[in-house]
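Have a look at model_2.cif; it's mmCIF, C-alpha atoms:
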data_coords
#
loop_
_atom_site.group_PDB
_atom_site.id
_atom_site.type_symbol
_atom_site.label_atom_id
_atom_site.label_comp_id
_atom_site.auth_asym_id
_atom_site.auth_seq_id
_atom_site.Cartn_x
_atom_site.Cartn_y
_atom_site.Cartn_z
ATOM 1 C CA MET A 6 3.438 2.604 20.194
ATOM 2 C CA PHE A 7 3.896 -0.274 17.787
ATOM 3 C CA THR A 8 4.956 -3.715 18.992
ATOM 4 C CA GLU A 9 6.027 -6.837 17.143
ATOM 5 C CA GLU A 10 2.600 -8.316 17.958
ATOM 6 C CA ASP A 11 0.936 -5.483 16.015
ATOM 7 C CA PHE A 12 2.853 -6.530 12.918
ATOM 8 C CA LEU A 13 2.105 -10.220 13.489
ATOM 9 C CA GLU A 14 -1.635 -9.419 13.597
ATOM 10 C CA VAL A 15 -1.446 -8.226 9.984
ATOM 11 C CA GLY A 16 0.797 -11.121 8.918
ATOM 12 C CA LEU A 17 4.141 -9.307 8.902
ATOM 13 C CA ASN A 18 7.363 -10.440 10.558
ATOM 14 C CA VAL A 19 9.805 -7.836 11.870
ATOM 15 C CA VAL A 20 13.540 -8.493 11.677
ATOM 16 C CA ILE A 21 15.698 -6.281 13.913
ATOM 17 C CA LEU A 22 19.481 -6.562 13.833
ATOM 18 C CA PRO A 23 22.143 -4.749 15.847
ATOM 19 C CA ALA A 24 24.000 -2.506 13.398
ATOM 20 C CA ASP A 25 26.696 -0.586 15.263
ATOM 21 C CA GLY A 26 26.979 -0.249 19.029
ATOM 22 C CA THR A 27 23.581 0.974 20.147
ATOM 23 C CA LEU A 28 22.233 1.371 16.606
ATOM 24 C CA TYR A 29 19.602 -1.078 15.361
ATOM 25 C CA PHE A 30 18.448 -1.834 11.822
ATOM 26 C CA GLY A 31 15.042 -3.342 11.098
ATOM 27 C CA TYR A 32 12.903 -4.370 8.163
ATOM 28 C CA LEU A 33 9.698 -6.237 7.398
ATOM 29 C CA ARG A 34 10.445 -9.722 6.085
ATOM 30 C CA GLU A 35 7.443 -9.712 3.723
ATOM 31 C CA LEU A 36 8.171 -6.146 2.517
ATOM 32 C CA PRO A 37 11.979 -5.805 2.636
ATOM 33 C CA THR A 38 11.860 -2.344 1.069
ATOM 34 C CA ILE A 39 10.358 -1.023 4.315
ATOM 35 C CA THR A 40 13.373 -0.430 6.560
ATOM 36 C CA ALA A 41 14.263 1.700 9.577
ATOM 37 C CA GLU A 42 17.177 2.516 11.871
ATOM 38 C CA GLY A 43 17.071 3.623 15.461
ATOM 39 C CA ASN A 44 18.870 3.797 18.794
ATOM 40 C CA SER A 45 16.554 1.177 20.322
ATOM 41 C CA ARG A 46 14.337 -1.685 19.227
ATOM 42 C CA GLY A 47 11.287 0.373 20.207
ATOM 43 C CA GLU A 48 12.390 3.280 18.038
ATOM 44 C CA VAL A 49 12.896 0.936 15.080
ATOM 45 C CA LEU A 50 9.429 -0.559 15.626
ATOM 46 C CA GLN A 51 7.881 2.933 15.753
ATOM 47 C CA LYS A 52 9.562 3.973 12.510
ATOM 48 C CA LEU A 53 8.599 0.718 10.787
ATOM 49 C CA GLY A 54 5.017 1.183 11.989
ATOM 50 C CA MET A 55 4.796 4.717 10.625
ATOM 51 C CA ILE A 56 6.356 3.741 7.285
ATOM 52 C CA TYR A 57 4.043 0.727 6.956
ATOM 53 C CA ALA A 58 0.983 2.849 7.843
ATOM 54 C CA ALA A 59 1.886 5.335 5.082
ATOM 55 C CA TYR A 60 2.476 2.450 2.640
ATOM 56 C CA ARG A 61 -0.876 0.882 3.540
ATOM 57 C CA ALA A 62 -2.738 4.200 3.193
ATOM 58 C CA ARG A 63 -1.198 4.768 -0.253
ATOM 59 C CA LEU A 64 -2.110 1.211 -1.292
ATOM 60 C CA LEU A 65 -5.723 1.650 -0.137
ATOM 61 C CA GLU A 66 -5.948 4.989 -1.963
ATOM 62 C CA GLU A 67 -4.732 3.376 -5.199
ATOM 63 C CA ASN A 68 -7.293 0.574 -4.808
ATOM 64 C CA GLU A 69 -10.029 3.142 -4.172
ATOM 65 C CA GLN A 70 -9.101 5.016 -7.358
ATOM 66 C CA GLU A 71 -9.122 1.737 -9.298
ATOM 67 C CA GLU A 72 -12.555 0.851 -7.909
ATOM 68 C CA LYS A 73 -13.833 4.287 -8.892
ATOM 69 C CA THR A 74 -12.614 3.705 -12.451
ATOM 70 C CA LEU A 75 -14.371 0.338 -12.505
ATOM 71 C CA ALA A 76 -17.592 1.936 -11.242
ATOM 72 C CA LEU A 77 -17.916 4.422 -14.108
ATOM 73 C CA SER A 78 -21.185 4.473 -15.992
ATOM 74 C CA MET A 79 -21.177 3.408 -19.625
ATOM 75 C CA GLU A 80 -21.431 7.022 -20.761
ATOM 76 C CA GLU A 81 -18.540 8.120 -18.525
ATOM 77 C CA LEU A 82 -16.438 5.185 -19.648
ATOM 78 C CA LEU A 83 -16.947 5.954 -23.323
ATOM 79 C CA ARG A 84 -16.199 9.633 -22.700
ATOM 80 C CA TYR A 85 -12.771 8.628 -21.380
ATOM 81 C CA TYR A 86 -12.164 6.553 -24.501
ATOM 82 C CA ASP A 87 -13.351 9.288 -26.893
ATOM 83 C CA GLY A 88 -16.263 7.163 -28.016
ATOM 84 C CA GLU A 89 -14.033 4.385 -29.331
ATOM 85 C CA THR A 90 -15.306 0.844 -29.063
ATOM 86 C CA PHE A 91 -13.009 -1.760 -27.583
ATOM 87 C CA ASP A 92 -12.942 -5.541 -27.182
ATOM 88 C CA GLY A 93 -15.851 -5.986 -29.570
ATOM 89 C CA PHE A 94 -18.154 -3.926 -27.354
ATOM 90 C CA LEU A 95 -20.720 -1.830 -29.170
ATOM 91 C CA TRP A 96 -22.796 0.741 -27.316
ATOM 92 C CA GLN A 97 -25.885 2.259 -28.854
ATOM 93 C CA PRO A 98 -27.159 5.297 -26.926
ATOM 94 C CA GLU A 99 -30.883 5.261 -26.345
ATOM 95 C CA GLU A 100 -32.742 7.811 -28.435
#
What would you get if you wrote out this structure as C-alpha coordinates?
Amino acid sequence: MFTEEDFLEVGLNVVILPADGTLYFGYLRELPTITAEGNSRGEVLQKLGMIYAAYRARLLEENEQEEKTLALSMEELLRYYDGETFDGFLWQPEE
(Lines of atoms letter the chains of each structure in order from A and count residues from 1; the text may use other names and numbers.)
(Lines give C-alpha, C1' and ligand atoms only; values in the text may rest on other atoms or scores of the structure.)
Protein backbone atom coordinates (compact mmCIF):
# COMPACT_ATOMS: atom_id res chain seq x y z
CA MET A 1 0.00 0.00 0.00
CA PHE A 2 1.35 3.40 -0.95
CA THR A 3 1.55 6.23 1.57
CA GLU A 4 2.32 9.91 1.21
CA GLU A 5 5.75 9.19 2.72
CA ASP A 6 6.51 6.83 -0.18
CA PHE A 7 5.99 9.70 -2.60
CA LEU A 8 8.03 12.10 -0.47
CA GLU A 9 10.97 9.65 -0.56
CA VAL A 10 11.17 10.09 -4.34
CA GLY A 11 10.63 13.87 -4.15
CA LEU A 12 6.95 13.99 -5.08
CA ASN A 13 4.18 15.83 -3.23
CA VAL A 14 0.65 14.41 -3.27
CA VAL A 15 -2.32 16.77 -3.32
CA ILE A 16 -5.66 15.21 -2.34
CA LEU A 17 -8.85 17.25 -2.45
CA PRO A 18 -12.42 16.32 -1.52
CA ALA A 19 -14.40 16.28 -4.77
CA ASP A 20 -18.00 15.34 -4.03
CA GLY A 21 -19.28 13.84 -0.79
CA THR A 22 -17.05 10.84 -0.17
CA LEU A 23 -15.19 11.17 -3.48
CA TYR A 24 -11.57 12.34 -3.44
CA PHE A 25 -9.41 13.69 -6.25
CA GLY A 26 -5.62 13.55 -6.12
CA TYR A 27 -2.62 14.43 -8.23
CA LEU A 28 1.15 14.70 -7.99
CA ARG A 29 2.23 18.32 -7.70
CA GLU A 30 5.43 17.75 -9.71
CA LEU A 31 3.61 15.67 -12.37
CA PRO A 32 0.09 17.15 -12.56
CA THR A 33 -0.86 14.88 -15.46
CA ILE A 34 -0.85 11.93 -13.04
CA THR A 35 -4.28 12.07 -11.39
CA ALA A 36 -6.65 9.69 -9.63
CA GLU A 37 -10.09 9.57 -8.03
CA GLY A 38 -11.30 7.34 -5.27
CA ASN A 39 -13.75 6.84 -2.41
CA SER A 40 -10.99 7.30 0.19
CA ARG A 41 -7.60 8.95 0.53
CA GLY A 42 -6.00 5.50 0.65
CA GLU A 43 -7.65 4.47 -2.60
CA VAL A 44 -6.43 7.66 -4.28
CA LEU A 45 -2.89 7.03 -3.00
CA GLN A 46 -3.00 3.44 -4.33
CA LYS A 47 -4.14 4.58 -7.77
CA LEU A 48 -1.54 7.36 -7.88
CA GLY A 49 1.13 4.86 -6.85
CA MET A 50 0.20 2.41 -9.59
CA ILE A 51 0.02 5.14 -12.25
CA TYR A 52 3.37 6.59 -11.15
CA ALA A 53 4.98 3.12 -11.14
CA ALA A 54 3.82 2.55 -14.74
CA TYR A 55 5.06 6.03 -15.72
CA ARG A 56 8.44 5.38 -14.10
CA ALA A 57 8.80 1.96 -15.76
CA ARG A 58 8.03 3.48 -19.18
CA LEU A 59 10.54 6.28 -18.55
CA LEU A 60 13.26 3.80 -17.54
CA GLU A 61 12.52 1.67 -20.62
CA GLU A 62 12.88 4.72 -22.89
CA ASN A 63 16.19 5.62 -21.23
CA GLU A 64 17.40 2.03 -21.65
CA GLN A 65 16.56 2.12 -25.37
CA GLU A 66 18.39 5.44 -25.70
CA GLU A 67 21.44 4.03 -23.93
CA LYS A 68 21.39 1.02 -26.24
CA THR A 69 21.40 3.36 -29.25
CA LEU A 70 24.34 5.25 -27.78
CA ALA A 71 26.22 1.99 -27.19
CA LEU A 72 26.16 0.88 -30.83
CA SER A 73 29.46 -0.03 -32.42
CA MET A 74 30.75 2.15 -35.24
CA GLU A 75 29.76 -0.47 -37.81
CA GLU A 76 26.23 -0.79 -36.38
CA LEU A 77 25.86 2.97 -36.22
CA LEU A 78 26.86 3.44 -39.84
CA ARG A 79 24.54 0.61 -40.90
CA TYR A 80 21.62 2.56 -39.41
CA TYR A 81 22.68 5.64 -41.36
CA ASP A 82 23.16 3.75 -44.64
CA GLY A 83 26.87 4.49 -44.62
CA GLU A 84 26.36 8.25 -44.70
CA THR A 85 28.87 10.40 -42.89
CA PHE A 86 27.57 13.04 -40.52
CA ASP A 87 28.97 15.96 -38.54
CA GLY A 88 32.28 15.81 -40.38
CA PHE A 89 32.93 12.27 -39.17
CA LEU A 90 34.76 10.03 -41.61
CA TRP A 91 35.09 6.31 -40.96
CA GLN A 92 37.55 4.19 -42.87
CA PRO A 93 36.97 0.45 -42.39
CA GLU A 94 40.12 -1.49 -41.70
CA GLU A 95 41.21 -3.66 -44.60
* Might you pull out every residue within 12 Å of region 22-24 of chain A, with all atoms listed in the file counted and same-chain residues fewer than 2 positions away left off, and present them as number ranges by chain? => A: 19-20, 26-33, 40-46, 49-50
* **Straight-line distance linking CA of Glu81 (chain A) with CA of Leu65 (chain A), stated in Å to one decimal** =>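 Here the two named atoms are 23.3 Å from each other.
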* Non-local contacts of Tyr57 (chain A) (10 Å; only C-alpha atoms; under 3 positions in same chain excluded) as a PyMOL selection string -> chain A and resi 12+33+36+39-40+51-54+60-63
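Between CA of Leu17 (chain A) and CA of Glu35 (chain A) the interatomic distance comes to 6.2 Å.
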* One-decimal distance in Å that lies between CA of Leu64 (chain A) and CA of Thr38 (chain A) ->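 Going from CA of Thr38 (chain A) over to CA of Leu64 (chain A), I get 14.6 Å.
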Centre, x/y/z edge lengths, axis-aligned box for region 19-27 of chain A with 8 Å per side, as AutoDock Vina command-line options:
--center_x 18.4 --center_y -3.8 --center_z 15.9 --size_x 33.2 --size_y 25.5 --size_z 24.5
